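Each remark here refers to the structure printed beneath this line.
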Number of protein chains: 2
Amino acid sequence: MLSSSRWGLPPQSVPDEMSPLGALESCAAVIRCHAGQEIAREGGTTEYWYRVLSGAVRQCAVRPDGRRQIVDLILPGDWFGFTAPNGAFYPAEAIVEGTLLASYPRRRVQTLAEANGDVQRLMADVVFETVSRLRKQLLMLGRVTAAEKVGSFLLEISARLPNEHPDRLVLPISRYDIADYLAMSVETVSRSLTYLRQCGIIALSGARQVRIVDREALDEGRSADLPLGSVPAERLPRFHPSMEKNRAFGRVPS
Amino acid sequence: MLSSSRWGLPPQSVPDEMSPLGALESCAAVIRCHAGQEIAREGGTTEYWYRVLSGAVRQCAVRPDGRRQIVDLILPGDWFGFTAPNGAFYPAEAIVEGTLLASYPRRRVQTLAEANGDVQRLMADVVFETVSRLRKQLLMLGRVTAAEKVGSFLLEISARLPNEHPDRLVLPISRYDIADYLAMSVETVSRSLTYLRQCGIIALSGARQVRIVDREALDEGRSADLPLGSVPAERLPRFHPSMEKNRAFGRVPS
DNA sequence: CGAGTGGTTGAAATCCGTCAAGAATAGTGG
DNA sequence: CCACTATTCTTGACGGATTTCAACCACTCG
């Protein structure tokens, strides 16, 4: 499971500075994971920090009632494994077969960061990215309509997945995972996608291949103008009368 | 707005080690905020990291449709202000009148952390706490029923608020803020609370004073057994027939 | 082929958001 | 202290979106 080969950091994560990264590189080992395989945890605490090189990883929470929720979706370039001293531990599993991870010994990196300010700042930014990622997921979950949730999910994937063409994307996860990621039922995810397709906002070739036709319609949340049940014959108009319900969630209280 | 008085770290955040904290203390300034006041941002980027000493702070996102969502609720002892280099900025506002903040100059702390490994690890843990906090909010938003959301919110507040008696708590935020925090309407928040009260799971004295009667019922999510509309005459049984719908969100797919 | 997984669609029940109105509380100024 | 107002909170009614339950199709792999 633990291969000792070395691996370099991808250029996009740290564009200019290459000096401190060599030190980080030298302590990284590459792990190859099967689909569904849980990333090893050493006795409860995470002794490693990981970075996804290819594939996808999910961190799940299982409620007492048996439901599952994905609390983090980790794509190539993202780091994970940061846990608070007394925080809950959410097991990480590879989603895609052959997912490649770079594993960094936590203590080694911390020692490196103490000696090298560049490494310290790099790791700080990496954790801040995690915060930013979670906040985006919060915003997705907070959307009102199912179609809005799925729409913003597609945009998120499009932005985070290194595609040659940003409007053509291959979903790395199944409908079930999307459902657990957005906290909705699988059926509604499927319905939302066909709804977006029927609106002409996206195009589907196969289940996983998505083409974004009208990007603005996705992030403006205009996909909530019509209910899921209705089947519009043609594309939605750019501005819809029902968009006028611009009342705030809660006005500006306390 | 910016007072130059000094302020010590509270003992609960860092129990034992007191040596590196003196250095942190010495660069902290205390800010007193009015209710609704936005915490100063210096030209878009956050030049300061903050820690809440008393009161409460919210970080909001406003969607194009005018809705508001609270993407972080910061209570005494919590830090905030960590932003990724290219991440979105969410303005922070004090909620409670007279909220006290300790502000730490970002660059000064970074310099301190470079020189002192203890400061570095302390700050790392502080950011990990933020990650843990956001993940808990994700789990709250992911709950199915409105009563479950509000129930887990009460438990969260009870755990984070330094109360003498953990089952008696005073809500620091209004119904509107709760609604924007849990991404639901104000009316449903109110209805959920009265529902929990009628179930005998909580007791309300006034709008803000809550007493948790049956803690297990709250975190087991059993509060979702009955729909919001029905008014049960007595307490719910400990195990309810409808609890058998233990189907997972999505089974365990790839 | 049959089993299993993943995906889609239909029908029914229900939970929640919206609109509306009223009650309770706080804040203000006389 | 009281009237007056604004805000917060609660409750009702209604319509609609989503969940649930169920069936079906496509595909893969022994």
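Every chain in the structure tokens takes a letter, A first, then B, and so on in the order presented; its residues are numbered from 1, and the ligands are numbered from 1 following the presented order.
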Checklist entry - Skipping near chain neighbours, those fewer than 6 positions away, what residues fall within 10 Å of stretch 1-15 of chain C using only C-alpha atoms (C1' of nucleotides), listed as a ChimeraX atom specification? => result /A:174-176,186-187,190-191,194,207 /B:144-146,227-229,253-254 /D:17-30
Produce a file of the selected residues containing C-alpha atoms (C1' of nucleotides), as a PDB file, in the first residue's frame.
```
ATOM      1  CA  SER A 174     -21.566   8.709  -8.812  1.00  0.00           C
ATOM      2  CA  ARG A 175     -25.082  10.058  -8.335  1.00  0.00           C
ATOM      3  CA  TYR A 176     -25.117   8.505  -4.905  1.00  0.00           C
ATOM      4  CA  VAL A 186     -30.370  10.191  -5.291  1.00  0.00           C
ATOM      5  CA  GLU A 187     -33.634  10.484  -7.151  1.00  0.00           C
ATOM      6  CA  SER A 190     -31.071  12.519 -11.119  1.00  0.00           C
ATOM      7  CA  ARG A 191     -34.225  14.550 -11.628  1.00  0.00           C
ATOM      8  CA  THR A 194     -32.507  15.817 -16.408  1.00  0.00           C
ATOM      9  CA  ALA A 207     -24.204   9.536 -17.140  1.00  0.00           C
TER      10      ALA A 207
ATOM     11  CA  VAL B 144     -33.041  16.008   6.843  1.00  0.00           C
ATOM     12  CA  THR B 145     -35.706  17.410   9.105  1.00  0.00           C
ATOM     13  CA  ALA B 146     -36.007  20.991  10.274  1.00  0.00           C
ATOM     14  CA  PRO B 227     -44.004  15.658  11.480  1.00  0.00           C
ATOM     15  CA  LEU B 228     -43.951  19.273  12.524  1.00  0.00           C
ATOM     16  CA  GLY B 229     -47.695  19.681  12.257  1.00  0.00           C
ATOM     17  CA  PRO B 253     -21.297   2.934  -3.975  1.00  0.00           C
ATOM     18  CA  SER B 254     -18.022   3.573  -5.701  1.00  0.00           C
TER      19      SER B 254
ATOM     20  C1'  DA D  17     -40.784  20.882  -3.954  1.00  0.00           C
ATOM     21  C1'  DT D  18     -38.542  16.889  -2.160  1.00  0.00           C
ATOM     22  C1'  DT D  19     -38.534  12.585  -0.002  1.00  0.00           C
ATOM     23  C1'  DT D  20     -40.075   8.065  -0.100  1.00  0.00           C
ATOM     24  C1'  DC D  21     -41.520   3.858  -2.224  1.00  0.00           C
ATOM     25  C1'  DA D  22     -41.614   1.372  -6.363  1.00  0.00           C
ATOM     26  C1'  DA D  23     -40.619  -0.150 -10.865  1.00  0.00           C
ATOM     27  C1'  DC D  24     -37.837  -0.259 -14.854  1.00  0.00           C
ATOM     28  C1'  DC D  25     -33.671   0.141 -17.956  1.00  0.00           C
ATOM     29  C1'  DA D  26     -28.666  -0.118 -19.092  1.00  0.00           C
ATOM     30  C1'  DC D  27     -24.480  -2.086 -18.157  1.00  0.00           C
ATOM     31  C1'  DT D  28     -20.876  -5.152 -16.083  1.00  0.00           C
ATOM     32  C1'  DC D  29     -19.113  -9.270 -14.423  1.00  0.00           C
ATOM     33  C1'  DG D  30     -18.954 -13.735 -12.649  1.00  0.00           C
TER      34       DG D  30
END
```
Polymer residues at most 7 Å from stretch 60-65 of chain B, only C-alpha atoms (C1' of nucleotides), same-chain spacing of 5 or more positions, as number ranges by chain: A: 220, 246; B: 70-71, 90-92
query: Residues at most 8 Å from A:Val119, counting only C-alpha atoms (C1' of nucleotides), excluding those fewer than 6 positions away in the same chain, as a list in words?
result: Pro20, Leu21, Leu24, Leu112 and Ala113 of chain A
I'd like the contact shell of C:DA20 - 12 Å cut-off, only C-alpha atoms (C1' of nucleotides), skipping same-chain residues fewer than 5 positions apart - returned as a compact mmCIF listing (two decimals) with N, CA and C atoms (P, O5', C5', C4', C3', O3' and C1' of nucleotides), in the first residue's frame.
```
# COMPACT_ATOMS: atom_id res chain seq x y z
P DT D 11 -46.42 29.11 18.96
O5' DT D 11 -47.57 29.17 17.86
C5' DT D 11 -48.65 30.08 18.04
C4' DT D 11 -49.45 30.25 16.77
C3' DT D 11 -49.80 28.95 16.02
O3' DT D 11 -51.20 28.78 16.06
C1' DT D 11 -49.11 30.68 14.54
P DG D 12 -51.85 27.47 15.43
O5' DG D 12 -52.34 28.00 14.01
C5' DG D 12 -53.23 29.10 13.93
C4' DG D 12 -53.60 29.40 12.49
C3' DG D 12 -53.89 28.17 11.63
O3' DG D 12 -55.14 28.33 10.98
C1' DG D 12 -52.29 29.58 10.57
P DA D 13 -55.77 27.14 10.16
O5' DA D 13 -55.42 27.54 8.65
C5' DA D 13 -55.64 28.88 8.22
C4' DA D 13 -55.28 29.01 6.74
C3' DA D 13 -55.56 27.76 5.90
O3' DA D 13 -56.06 28.16 4.64
C1' DA D 13 -53.26 28.30 5.77
P DC D 14 -56.59 27.06 3.63
O5' DC D 14 -55.49 27.10 2.48
C5' DC D 14 -55.06 28.36 1.96
C4' DC D 14 -53.84 28.17 1.09
C3' DC D 14 -53.91 26.96 0.16
O3' DC D 14 -53.74 27.39 -1.17
C1' DC D 14 -51.84 27.04 1.32
```
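The chain D residues that come within 9 Å of chain B are DT8, DC9, DT10 and DT11 of chain D, with only C-alpha atoms (C1' of nucleotides) taken into account.
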As a PDB file with C-alpha atoms, in the first residue's frame, please: every residue in stretch 127-232 of chain A that a backbone DSSP assignment puts in helix (DSSP H, G or I).
```pdb
ATOM      1  CA  VAL A 127      -5.111  24.708   5.309  1.00  0.00           C
ATOM      2  CA  PHE A 128      -6.764  27.984   4.388  1.00  0.00           C
ATOM      3  CA  GLU A 129      -7.712  26.401   1.077  1.00  0.00           C
ATOM      4  CA  THR A 130      -9.414  23.650   3.023  1.00  0.00           C
ATOM      5  CA  VAL A 131     -11.408  26.238   4.938  1.00  0.00           C
ATOM      6  CA  SER A 132     -12.331  27.926   1.692  1.00  0.00           C
ATOM      7  CA  ARG A 133     -13.399  24.597   0.182  1.00  0.00           C
ATOM      8  CA  LEU A 134     -15.638  23.740   3.114  1.00  0.00           C
ATOM      9  CA  ARG A 135     -17.224  27.162   2.991  1.00  0.00           C
ATOM     10  CA  LYS A 136     -18.091  26.667  -0.667  1.00  0.00           C
ATOM     11  CA  GLN A 137     -19.744  23.391   0.236  1.00  0.00           C
ATOM     12  CA  LEU A 138     -21.728  25.196   2.930  1.00  0.00           C
ATOM     13  CA  LEU A 139     -22.969  27.625   0.311  1.00  0.00           C
ATOM     14  CA  MET A 140     -23.977  24.751  -1.938  1.00  0.00           C
ATOM     15  CA  LEU A 141     -25.899  23.048   0.854  1.00  0.00           C
ATOM     16  CA  GLY A 142     -27.568  26.340   1.702  1.00  0.00           C
ATOM     17  CA  ALA A 146     -32.382  21.042  -5.690  1.00  0.00           C
ATOM     18  CA  ALA A 147     -31.551  22.236  -9.197  1.00  0.00           C
ATOM     19  CA  GLU A 148     -29.565  25.106  -7.697  1.00  0.00           C
ATOM     20  CA  LYS A 149     -27.600  22.724  -5.538  1.00  0.00           C
ATOM     21  CA  VAL A 150     -26.739  20.465  -8.426  1.00  0.00           C
ATOM     22  CA  GLY A 151     -26.018  23.458 -10.647  1.00  0.00           C
ATOM     23  CA  SER A 152     -23.533  24.983  -8.237  1.00  0.00           C
ATOM     24  CA  PHE A 153     -22.025  21.546  -7.755  1.00  0.00           C
ATOM     25  CA  LEU A 154     -21.360  21.298 -11.472  1.00  0.00           C
ATOM     26  CA  LEU A 155     -19.739  24.725 -11.458  1.00  0.00           C
ATOM     27  CA  GLU A 156     -17.622  23.771  -8.487  1.00  0.00           C
ATOM     28  CA  ILE A 157     -16.440  20.594 -10.167  1.00  0.00           C
ATOM     29  CA  SER A 158     -15.763  22.484 -13.347  1.00  0.00           C
ATOM     30  CA  ALA A 159     -13.629  24.995 -11.487  1.00  0.00           C
ATOM     31  CA  ARG A 160     -11.675  22.482  -9.441  1.00  0.00           C
ATOM     32  CA  ARG A 175     -25.082  10.058  -8.335  1.00  0.00           C
ATOM     33  CA  TYR A 176     -25.117   8.505  -4.905  1.00  0.00           C
ATOM     34  CA  ASP A 177     -22.008  10.404  -3.911  1.00  0.00           C
ATOM     35  CA  ILE A 178     -23.424  13.617  -5.301  1.00  0.00           C
ATOM     36  CA  ALA A 179     -26.529  13.007  -3.237  1.00  0.00           C
ATOM     37  CA  ASP A 180     -24.552  12.435  -0.056  1.00  0.00           C
ATOM     38  CA  TYR A 181     -22.385  15.441  -0.865  1.00  0.00           C
ATOM     39  CA  LEU A 182     -25.345  17.779  -1.343  1.00  0.00           C
ATOM     40  CA  VAL A 186     -30.370  10.191  -5.291  1.00  0.00           C
ATOM     41  CA  GLU A 187     -33.634  10.484  -7.151  1.00  0.00           C
ATOM     42  CA  THR A 188     -33.693  14.243  -6.785  1.00  0.00           C
ATOM     43  CA  VAL A 189     -30.132  14.489  -8.046  1.00  0.00           C
ATOM     44  CA  SER A 190     -31.071  12.519 -11.119  1.00  0.00           C
ATOM     45  CA  ARG A 191     -34.225  14.550 -11.628  1.00  0.00           C
ATOM     46  CA  SER A 192     -32.341  17.817 -11.252  1.00  0.00           C
ATOM     47  CA  LEU A 193     -29.845  16.793 -13.908  1.00  0.00           C
ATOM     48  CA  THR A 194     -32.507  15.817 -16.408  1.00  0.00           C
ATOM     49  CA  TYR A 195     -34.298  19.040 -15.580  1.00  0.00           C
ATOM     50  CA  LEU A 196     -31.184  21.100 -16.303  1.00  0.00           C
ATOM     51  CA  ARG A 197     -30.745  19.149 -19.503  1.00  0.00           C
ATOM     52  CA  GLN A 198     -34.327  19.758 -20.578  1.00  0.00           C
ATOM     53  CA  CYS A 199     -33.846  23.464 -19.881  1.00  0.00           C
ATOM     54  CA  ARG A 215     -22.886  28.860 -17.413  1.00  0.00           C
ATOM     55  CA  GLU A 216     -24.631  32.009 -16.235  1.00  0.00           C
ATOM     56  CA  ALA A 217     -27.885  30.174 -15.745  1.00  0.00           C
ATOM     57  CA  LEU A 218     -26.128  27.790 -13.385  1.00  0.00           C
ATOM     58  CA  ASP A 219     -24.473  30.218 -11.003  1.00  0.00           C
ATOM     59  CA  ARG A 222     -31.943  30.923 -12.250  1.00  0.00           C
ATOM     60  CA  SER A 223     -32.432  27.193 -12.617  1.00  0.00           C
ATOM     61  CA  ALA A 224     -34.961  27.444  -9.793  1.00  0.00           C
TER      62      ALA A 224
END
```
